[in-house]
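Below is the file query-v2.pdb, which contains PDB, C-alpha atoms.
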```
ATOM      1  CA  TRP V  19      88.824  56.870  93.494
ATOM      2  CA  ILE V  20      91.493  54.372  92.499
ATOM      3  CA  GLY V  21      91.212  52.044  89.533
ATOM      4  CA  HIS V  22      94.013  52.944  87.110
ATOM      5  CA  SER V  23      97.763  52.455  87.512
ATOM      6  CA  ASP V  24      98.883  55.328  85.252
ATOM      7  CA  LEU V  25      97.830  58.787  84.040
ATOM      8  CA  ILE V  26      94.134  59.237  83.241
ATOM      9  CA  ARG V  27      94.006  60.830  79.802
ATOM     10  CA  SER V  28      90.253  61.059  79.329
ATOM     11  CA  ILE V  29      87.393  61.577  81.774
ATOM     12  CA  ARG V  30      83.731  62.136  80.878
ATOM     13  CA  TRP V  31      80.380  62.297  82.668
ATOM     14  CA  ALA V  32      77.306  60.574  81.348
ATOM     15  CA  PRO V  33      74.491  63.134  80.752
ATOM     16  CA  THR V  34      72.588  61.711  83.738
ATOM     17  CA  GLY V  35      75.407  62.815  86.047
ATOM     18  CA  ARG V  36      75.417  59.401  87.718
ATOM     19  CA  GLN V  37      78.270  57.730  85.834
ATOM     20  CA  ILE V  38      81.826  58.605  84.801
ATOM     21  CA  VAL V  39      83.995  56.952  82.150
ATOM     22  CA  THR V  40      87.795  57.133  82.139
ATOM     23  CA  ALA V  41      90.656  56.018  79.879
ATOM     24  CA  SER V  42      94.233  55.753  81.090
ATOM     25  CA  ASP V  43      97.823  55.371  79.931
ATOM     26  CA  ASP V  44      97.722  51.945  81.585
ATOM     27  CA  GLY V  45      95.575  50.914  78.587
ATOM     28  CA  SER V  46      92.381  50.359  80.551
ATOM     29  CA  PHE V  47      88.899  51.813  80.373
ATOM     30  CA  CYS V  48      86.714  52.134  83.477
ATOM     31  CA  THR V  49      83.091  52.985  84.162
ATOM     32  CA  TRP V  50      82.267  54.365  87.600
ATOM     33  CA  ASP V  51      79.044  54.858  89.515
ATOM     34  CA  LEU V  52      78.920  58.085  91.481
ATOM     35  CA  ASP V  53      78.108  56.384  94.772
ATOM     36  CA  ARG V  54      81.021  53.914  94.785
ATOM     37  CA  PRO V  55      84.808  54.567  94.831
ATOM     38  CA  SER V  56      85.777  51.510  92.779
ATOM     39  CA  PRO V  57      85.140  50.894  89.057
ATOM     40  CA  ARG V  58      81.845  49.350  88.086
ATOM     41  CA  ARG V  59      83.651  47.751  85.164
ATOM     42  CA  LYS V  60      87.250  47.759  83.965
ATOM     43  CA  LEU V  61      88.393  46.674  80.527
ATOM     44  CA  ALA V  62      92.058  46.256  79.596
ATOM     45  CA  ARG V  63      91.914  47.142  75.894
ATOM     46  CA  ASP V  64      94.662  49.722  75.315
ATOM     47  CA  VAL V  65      92.018  52.466  75.328
ATOM     48  CA  SER V  66      93.438  55.993  74.895
ATOM     49  CA  VAL V  67      90.289  58.098  74.364
ATOM     50  CA  ALA V  68      86.709  57.594  75.573
ATOM     51  CA  VAL V  69      83.801  59.970  74.862
ATOM     52  CA  VAL V  70      80.065  59.774  75.583
ATOM     53  CA  SER V  71      77.392  60.486  72.953
ATOM     54  CA  PRO V  72      75.182  63.590  73.412
ATOM     55  CA  ASP V  73      72.209  61.513  74.605
ATOM     56  CA  GLY V  74      74.348  59.349  76.877
ATOM     57  CA  SER V  75      73.364  56.079  75.245
ATOM     58  CA  GLU V  76      76.697  55.245  73.602
ATOM     59  CA  LEU V  77      80.396  55.393  74.255
ATOM     60  CA  ALA V  78      83.113  55.740  71.620
ATOM     61  CA  MET V  79      86.570  54.539  72.579
ATOM     62  CA  SER V  80      89.802  54.204  70.644
ATOM     63  CA  VAL V  81      91.883  51.037  70.673
ATOM     64  CA  ARG V  82      95.020  51.348  68.532
ATOM     65  CA  SER V  83      93.789  51.788  64.916
ATOM     66  CA  GLU V  84      90.168  51.000  65.715
ATOM     67  CA  VAL V  85      87.259  52.813  67.346
ATOM     68  CA  PHE V  86      84.506  50.905  69.101
ATOM     69  CA  LEU V  87      80.968  51.992  69.900
ATOM     70  CA  SER V  88      79.461  50.455  73.012
ATOM     71  CA  ASP V  89      76.990  51.076  75.787
ATOM     72  CA  LEU V  90      78.333  52.575  79.017
ATOM     73  CA  THR V  91      79.234  49.146  80.370
ATOM     74  CA  GLY V  92      81.647  48.557  77.479
ATOM     75  CA  ASP V  93      79.590  45.996  75.533
ATOM     76  CA  VAL V  94      80.571  46.685  71.915
ATOM     77  CA  SER V  95      77.901  47.210  69.246
ATOM     78  CA  ARG V  96      79.933  48.582  66.299
ATOM     79  CA  GLN V  97      83.522  48.819  65.174
ATOM     80  CA  PHE V  98      85.323  51.318  62.914
ATOM     81  CA  THR V  99      88.664  50.422  61.342
ATOM     82  CA  VAL V 100      90.278  53.708  60.405
ATOM     83  CA  SER V 101      92.495  54.159  57.360
ATOM     84  CA  GLU V 102      94.894  56.741  58.814
ATOM     85  CA  GLU V 103      98.073  55.155  60.189
ATOM     86  CA  SER V 104      99.229  57.842  62.641
ATOM     87  CA  GLU V 105      98.382  58.028  66.355
ATOM     88  CA  LEU V 106      94.711  58.667  67.136
ATOM     89  CA  SER V 107      94.356  61.782  69.316
ATOM     90  CA  ASP V 108      90.644  62.534  69.850
ATOM     91  CA  ILE V 109      87.063  61.547  69.045
ATOM     92  CA  ALA V 110      83.956  63.747  68.843
ATOM     93  CA  PHE V 111      80.278  62.982  68.305
ATOM     94  CA  HIS V 112      78.254  65.180  65.963
ATOM     95  CA  PRO V 113      75.672  67.196  67.992
ATOM     96  CA  GLN V 114      72.904  64.958  66.627
ATOM     97  CA  ALA V 115      75.129  61.878  67.087
ATOM     98  CA  ALA V 116      74.797  61.097  63.366
ATOM     99  CA  GLU V 117      78.528  61.246  62.706
ATOM    100  CA  LEU V 118      81.703  60.443  64.537
ATOM    101  CA  ALA V 119      84.817  62.530  63.930
ATOM    102  CA  ILE V 120      88.119  60.754  64.579
ATOM    103  CA  ALA V 121      91.244  62.930  64.763
ATOM    104  CA  PHE V 122      94.884  61.942  64.330
ATOM    105  CA  ARG V 123      98.119  63.631  65.272
ATOM    106  CA  SER V 124      99.038  63.725  61.587
ATOM    107  CA  GLY V 125      96.543  66.581  61.061
ATOM    108  CA  VAL V 126      93.838  64.375  59.555
ATOM    109  CA  VAL V 127      90.217  63.905  60.653
ATOM    110  CA  GLU V 128      88.045  61.072  59.367
ATOM    111  CA  LEU V 129      84.236  61.330  59.486
ATOM    112  CA  TRP V 130      82.162  58.174  59.977
ATOM    113  CA  ASP V 131      78.433  57.404  59.896
ATOM    114  CA  VAL V 132      77.472  56.196  63.370
ATOM    115  CA  SER V 133      74.523  54.074  62.266
ATOM    116  CA  THR V 134      76.256  52.211  59.409
ATOM    117  CA  GLY V 135      79.871  52.263  60.543
ATOM    118  CA  GLN V 136      80.915  53.493  57.098
ATOM    119  CA  PRO V 137      83.021  56.554  56.171
ATOM    120  CA  VAL V 138      80.934  59.654  55.447
ATOM    121  CA  CYS V 139      83.410  60.814  52.811
ATOM    122  CA  LYS V 140      85.681  58.780  50.576
ATOM    123  CA  ARG V 141      88.839  60.522  51.727
ATOM    124  CA  SER V 142      90.097  61.883  55.003
ATOM    125  CA  ILE V 143      89.686  65.593  55.575
ATOM    126  CA  GLU V 144      92.974  67.497  55.521
ATOM    127  CA  PHE V 145      92.824  70.676  57.572
ATOM    128  CA  SER V 146      94.753  73.859  56.901
ATOM    129  CA  HIS V 147      97.667  72.646  58.995
ATOM    130  CA  SER V 148      99.371  69.273  59.041
ATOM    131  CA  LEU V 149     100.652  69.644  62.593
ATOM    132  CA  PRO V 150      99.646  67.315  65.442
ATOM    133  CA  ILE V 151      95.953  67.590  66.345
ATOM    134  CA  THR V 152      95.269  67.461  70.081
ATOM    135  CA  LYS V 153      91.510  68.108  70.426
ATOM    136  CA  ILE V 154      88.444  68.528  68.244
ATOM    137  CA  ALA V 155      84.842  69.598  68.867
ATOM    138  CA  TYR V 156      81.803  70.161  66.701
ATOM    139  CA  ILE V 157      80.129  73.549  66.953
ATOM    140  CA  ALA V 158      76.386  73.195  67.701
ATOM    141  CA  ASP V 159      75.251  73.486  64.066
ATOM    142  CA  GLY V 160      77.485  70.539  63.124
ATOM    143  CA  GLU V 161      78.671  72.423  60.056
ATOM    144  CA  ARG V 162      81.836  73.702  61.704
ATOM    145  CA  MET V 163      84.499  72.122  63.831
ATOM    146  CA  ILE V 164      87.138  73.499  66.186
ATOM    147  CA  VAL V 165      90.523  71.835  65.769
ATOM    148  CA  CYS V 166      93.394  72.330  68.240
ATOM    149  CA  SER V 167      97.065  71.732  67.486
ATOM    150  CA  ASP V 168      99.951  71.288  69.880
ATOM    151  CA  GLU V 169     102.111  73.621  67.820
ATOM    152  CA  ILE V 170     100.257  76.514  66.208
ATOM    153  CA  GLY V 171      96.918  77.072  67.935
ATOM    154  CA  VAL V 172      93.300  76.613  66.845
ATOM    155  CA  ASP V 173      91.462  76.391  63.520
ATOM    156  CA  ILE V 174      87.739  76.690  62.912
ATOM    157  CA  VAL V 175      86.979  74.729  59.766
ATOM    158  CA  ASN V 176      84.111  73.730  57.527
ATOM    159  CA  THR V 177      83.257  70.164  58.569
ATOM    160  CA  GLU V 178      82.268  69.008  55.094
ATOM    161  CA  THR V 179      85.170  70.443  53.097
ATOM    162  CA  GLY V 180      87.870  70.822  55.743
ATOM    163  CA  GLU V 181      88.491  74.382  54.557
ATOM    164  CA  GLN V 182      89.730  76.844  57.145
ATOM    165  CA  ILE V 183      87.262  79.560  58.170
ATOM    166  CA  TYR V 184      89.771  81.317  60.379
ATOM    167  CA  SER V 185      92.660  80.576  62.702
ATOM    168  CA  PHE V 186      92.930  81.661  66.359
ATOM    169  CA  GLU V 187      96.589  82.102  67.262
ATOM    170  CA  GLU V 188      96.482  84.164  70.472
ATOM    171  CA  HIS V 189      98.099  81.350  72.443
ATOM    172  CA  GLN V 190     101.276  81.539  70.357
ATOM    173  CA  SER V 191     101.810  77.964  71.529
ATOM    174  CA  GLY V 192     100.258  74.527  71.513
ATOM    175  CA  VAL V 193      96.643  74.082  72.633
ATOM    176  CA  PHE V 194      95.755  70.939  74.576
ATOM    177  CA  ASP V 195      92.038  71.250  75.296
ATOM    178  CA  LEU V 196      88.925  73.233  74.460
ATOM    179  CA  ALA V 197      85.434  73.728  75.854
ATOM    180  CA  LEU V 198      82.428  75.421  74.247
ATOM    181  CA  HIS V 199      80.365  77.680  76.508
ATOM    182  CA  PRO V 200      76.771  76.445  76.987
ATOM    183  CA  ASP V 201      75.516  79.458  75.032
ATOM    184  CA  GLY V 202      77.559  78.241  72.062
ATOM    185  CA  GLU V 203      79.190  81.632  71.503
ATOM    186  CA  ARG V 204      82.397  81.474  73.535
ATOM    187  CA  VAL V 205      85.253  79.004  73.525
ATOM    188  CA  ALA V 206      87.785  78.349  76.285
ATOM    189  CA  THR V 207      91.116  76.880  75.202
ATOM    190  CA  ALA V 208      93.998  75.568  77.309
ATOM    191  CA  GLY V 209      97.527  76.411  76.195
ATOM    192  CA  SER V 210     101.064  75.224  76.754
ATOM    193  CA  ASN V 211     102.073  78.807  77.535
ATOM    194  CA  GLY V 212     100.434  78.496  80.977
ATOM    195  CA  GLU V 213      97.186  80.326  80.261
ATOM    196  CA  ALA V 214      93.650  79.540  79.177
ATOM    197  CA  ILE V 215      91.888  81.987  76.890
ATOM    198  CA  VAL V 216      88.164  82.665  76.516
ATOM    199  CA  TRP V 217      87.262  83.966  73.058
ATOM    200  CA  SER V 218      84.425  84.414  70.562
ATOM    201  CA  LYS V 219      84.011  81.575  68.103
ATOM    202  CA  GLU V 220      82.586  83.974  65.506
ATOM    203  CA  ASN V 221      85.471  86.440  65.218
ATOM    204  CA  GLY V 222      88.228  85.294  67.590
ATOM    205  CA  GLU V 223      87.845  88.292  69.902
ATOM    206  CA  VAL V 224      89.556  87.592  73.229
ATOM    207  CA  LYS V 225      87.181  87.909  76.197
ATOM    208  CA  ASP V 226      89.450  86.824  79.064
ATOM    209  CA  ARG V 227      92.937  85.493  79.691
ATOM    210  CA  LEU V 228      93.019  83.073  82.615
ATOM    211  CA  GLN V 229      96.531  83.194  84.053
ATOM    212  CA  GLY V 230      97.316  81.274  87.224
ATOM    213  CA  HIS V 231      99.038  77.998  86.356
ATOM    214  CA  SER V 232     102.819  77.743  86.573
ATOM    215  CA  ARG V 233     103.079  75.160  83.781
ATOM    216  CA  PHE V 234     101.038  73.901  80.796
ATOM    217  CA  VAL V 235      97.246  74.202  81.067
ATOM    218  CA  THR V 236      96.086  70.775  79.963
ATOM    219  CA  SER V 237      92.317  70.816  80.527
ATOM    220  CA  VAL V 238      89.393  73.234  80.660
ATOM    221  CA  ALA V 239      85.635  72.945  81.234
ATOM    222  CA  TRP V 240      82.606  75.217  81.726
ATOM    223  CA  SER V 241      80.004  74.787  84.431
ATOM    224  CA  PRO V 242      76.564  73.750  83.062
ATOM    225  CA  GLU V 243      75.255  77.307  83.564
ATOM    226  CA  GLY V 244      78.364  78.847  82.021
ATOM    227  CA  ASP V 245      79.046  81.096  85.010
ATOM    228  CA  HIS V 246      82.319  79.373  85.953
ATOM    229  CA  VAL V 247      85.365  77.900  84.218
ATOM    230  CA  ILE V 248      87.637  75.212  85.656
ATOM    231  CA  THR V 249      91.191  74.538  84.480
ATOM    232  CA  GLY V 250      93.772  71.846  85.259
ATOM    233  CA  GLY V 251      97.483  71.862  84.582
ATOM    234  CA  HIS V 252     100.853  70.161  84.581
ATOM    235  CA  ASP V 253     101.483  71.853  87.929
ATOM    236  CA  GLY V 254      98.901  69.493  89.490
ATOM    237  CA  GLU V 255      96.572  72.355  90.370
ATOM    238  CA  ILE V 256      92.923  72.919  89.516
ATOM    239  CA  ILE V 257      91.675  76.511  89.403
ATOM    240  CA  LEU V 258      88.065  77.722  89.507
ATOM    241  CA  TRP V 259      87.431  80.991  87.642
ATOM    242  CA  ASP V 260      84.553  83.437  87.441
ATOM    243  CA  GLY V 261      83.107  82.931  83.971
ATOM    244  CA  THR V 262      82.145  86.591  83.582
ATOM    245  CA  SER V 263      85.071  88.520  85.044
ATOM    246  CA  GLY V 264      87.804  85.946  84.423
ATOM    247  CA  GLU V 265      89.000  86.318  88.017
ATOM    248  CA  PRO V 266      90.275  83.268  89.939
ATOM    249  CA  ILE V 267      87.998  82.126  92.782
ATOM    250  CA  ARG V 268      89.943  79.281  94.384
ATOM    251  CA  LYS V 269      92.544  76.586  93.812
ATOM    252  CA  PHE V 270      92.065  72.884  94.505
ATOM    253  CA  TYR V 271      95.001  70.752  95.616
ATOM    254  CA  GLY V 272      95.245  66.993  95.975
ATOM    255  CA  HIS V 273      96.746  65.620  92.780
ATOM    256  CA  THR V 274     100.378  64.635  93.150
ATOM    257  CA  ARG V 275     100.965  64.573  89.391
ATOM    258  CA  ARG V 276      99.749  66.636  86.450
ATOM    259  CA  VAL V 277      96.019  66.905  85.762
ATOM    260  CA  MET V 278      95.423  65.588  82.247
ATOM    261  CA  ASP V 279      91.643  65.973  82.009
ATOM    262  CA  LEU V 280      88.671  67.185  83.992
ATOM    263  CA  ALA V 281      84.925  67.376  83.530
ATOM    264  CA  TRP V 282      82.041  69.210  85.199
ATOM    265  CA  SER V 283      78.972  67.208  86.126
ATOM    266  CA  PRO V 284      75.994  68.116  83.931
ATOM    267  CA  THR V 285      73.565  67.863  86.850
ATOM    268  CA  GLU V 286      75.443  68.822  90.024
ATOM    269  CA  ASN V 287      78.135  71.172  91.270
ATOM    270  CA  ARG V 288      80.815  68.487  91.053
ATOM    271  CA  ILE V 289      84.022  68.183  89.089
ATOM    272  CA  ALA V 290      85.850  64.971  88.161
ATOM    273  CA  SER V 291      89.584  65.172  87.490
TER     274      SER V 291
END
```

Take the structure from the file and write it as structure tokens.
Amino acid sequence: WIGHSDLIRSIRWAPTGRQIVTASDDGSFCTWDLDRPSPRRKLARDVSVAVVSPDGSELAMSVRSEVFLSDLTGDVSRQFTVSEESELSDIAFHPQAAELAIAFRSGVVELWDVSTGQPVCKRSIEFSHSLPITKIAYIADGERMIVCSDEIGVDIVNTETGEQIYSFEEHQSGVFDLALHPDGERVATAGSNGEAIVWSKENGEVKDRLQGHSRFVTSVAWSPEGDHVITGGHDGEIILWDGTSGEPIRKFYGHTRRVMDLAWSPTENRIAS
């Protein structure tokens, strides 16, 4: 599928498994239907991040210092003007879609009420580190959040207070992506040291080390059943792993440049990268 002219930074499936949304370094945002190789709609808005709400009804996308909520066609319904001045790095919906977390490379996360478009708290949440944030994700209860940094590793923090619960530093390097297992107990993280690690979110116990990429691992995702893990890297390769044993199953080739993001279809055995 061809629709962007530069690296695709963000790729997400709609929960129906029939649509994909992408955001690229070329500044555009595209929506795709599964049965056609050209974008259903393309918007040139300097979009850097695009994420789909848990129920698939809304899309949150970042445009410079603003975040827009829209339907999957890109028709905007709400707008959030953030107060933090540093580069926006990621967006995450609360599991019940009540809040929107907006992360910045400065180490700050702002929480916003989705229905009103107003900040949930009067000040931004400062996490235990002030190093560049790369990825964030709510844990299923919504009371905790996983925060990845491109310098020191991963923090699990209290969403309301921003206080650190514990830090996972097994990567000993930057972490570019994370994926929660469908059972909610395990986390897979992608590191700049060339490996992905599967670990327990409760105590940080390492379950598997997925070593097979020759350069940075930039993206990771679980299959809907949780029996497989997929990783993508700066080496342009995609590797499928057994989710139980941690053994590699096969490599996929085809990308001529680094793989910046990938996503597993929620309804079929398909991967978008």

Exercise for the section: In Å, rounded to a single decimal, give me how far atom CA of Glu220 of chain V is from atom CA of Arg204 of chain V. Expected result: 8.4 Å

Problem - Hits of the PyMOL selection byres ((chain V and resi 164-169) around 7) in this structure, as a PyMOL selection string - result: chain V and resi 149-156+162-163+170-175+191-194

Generate a file of the selected residues that holds C-alpha atoms, formatted as a PDB file, in the coordinates of the input.
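Result file follows (part_29.pdb):
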```pdb
ATOM      1  CA  LEU V 149     100.652  69.644  62.593  1.00  0.00           C
ATOM      2  CA  PRO V 150      99.646  67.315  65.442  1.00  0.00           C
ATOM      3  CA  ILE V 151      95.953  67.590  66.345  1.00  0.00           C
ATOM      4  CA  THR V 152      95.269  67.461  70.081  1.00  0.00           C
ATOM      5  CA  LYS V 153      91.510  68.108  70.426  1.00  0.00           C
ATOM      6  CA  ILE V 154      88.444  68.528  68.244  1.00  0.00           C
ATOM      7  CA  ALA V 155      84.842  69.598  68.867  1.00  0.00           C
ATOM      8  CA  TYR V 156      81.803  70.161  66.701  1.00  0.00           C
ATOM      9  CA  ARG V 162      81.836  73.702  61.704  1.00  0.00           C
ATOM     10  CA  MET V 163      84.499  72.122  63.831  1.00  0.00           C
ATOM     11  CA  ILE V 170     100.257  76.514  66.208  1.00  0.00           C
ATOM     12  CA  GLY V 171      96.918  77.072  67.935  1.00  0.00           C
ATOM     13  CA  VAL V 172      93.300  76.613  66.845  1.00  0.00           C
ATOM     14  CA  ASP V 173      91.462  76.391  63.520  1.00  0.00           C
ATOM     15  CA  ILE V 174      87.739  76.690  62.912  1.00  0.00           C
ATOM     16  CA  VAL V 175      86.979  74.729  59.766  1.00  0.00           C
ATOM     17  CA  SER V 191     101.810  77.964  71.529  1.00  0.00           C
ATOM     18  CA  GLY V 192     100.258  74.527  71.513  1.00  0.00           C
ATOM     19  CA  VAL V 193      96.643  74.082  72.633  1.00  0.00           C
ATOM     20  CA  PHE V 194      95.755  70.939  74.576  1.00  0.00           C
TER      21      PHE V 194
END
```

Practice task
Return the single residue from V:Arg27, V:Arg82, V:His22, V:Arg268 that is closest to Ala281 of chain V, with distances computed using all atoms listed in the file.
Solution key: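 With all atoms listed in the file as the atom set, the closest residue is V:Arg27.
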
Exercise for the section: Carefully work through the PyMOL selection byres ((chain V and resi 111) around 10) for this structure and note down the residues it includes, as JSON, numbers by chain. Expected result: {"V": [69, 70, 71, 72, 77, 78, 109, 110, 112, 113, 114, 115, 116, 117, 118, 119, 120, 129, 130, 132, 154, 155, 156, 160]}

Handout entry: Two-atom distance - atom CA of Tyr271 of chain V, atom CA of Arg227 of chain V (Å)
Key = 21.8 Å

Exercise for the section: List the neighbours of segment 101-105 of chain V out to 7 Å using all atoms listed in the file; skip same-chain residues closer than 5 positions along the sequence, and give me the result as number ranges by chain. Expected result: V: 122-124

Would you compute the box with edges along x, y and z of the file around segment 186-189 of chain V, including every atom the file lists for it and 4 Å extra on each side, and give its centre and edge lengths in Å to one decimal, as AutoDock Vina command-line options?
```
--center_x 95.5 --center_y 82.8 --center_z 69.4 --size_x 13.2 --size_y 10.8 --size_z 14.1
```

Practice task
Go through V:Phe186, V:Trp240, V:Trp282, V:Phe86 and flag the residue nearest Asn221 of chain V, using all atoms listed in the file for the distances.
Solution key: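 Closest residue, counting all atoms listed in the file: V:Phe186.
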
Handout entry: For Ser291 of chain V, the nearest of the candidates V:Ser237, V:Gln136, V:Thr99, V:Ser263, counting all atoms listed in the file
Key =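 Smallest separation from Ser291 of chain V among the options: V:Ser237.
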
Practice task
Report the residues retrieved by the PyMOL selection byres ((chain V and resi 223) around 12) from the displayed file, expressed as a PyMOL selection string.
Solution key: chain V and resi 184-188+203-206+215-222+224-227

Exercise for the section: Compare V:Gly209, V:Gly92, V:Gly125, V:Pro284 by their minimum atom-to-atom distance to Ser107 of chain V, counting all atoms listed in the file, and give me the closest one. Expected result: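 Closest to Ser107 of chain V, using all atoms listed in the file: V:Gly125.
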
Practice task
Could you check how far atom CA of Ala68 of chain V sits from atom CA of Thr207 of chain V, in Å to one decimal?
Solution key: 19.8 Å

Practice task
Take the point (83.6, 57.2, 89.3) as written in the file and pick out every residue within 6 Å of it, counting all atoms listed in the file; give the list as JSON, numbers by chain.
Solution key: {"V": [38, 50, 51, 52]}

Exercise for the section: Show which residues sit within 10 Å of Val65 of chain V, as number ranges by chain. Count all atoms listed in the file, and ignore same-chain residues fewer than 3 positions away. Expected result: V: 27-28, 40-48, 61-62, 68, 79-82, 84-86
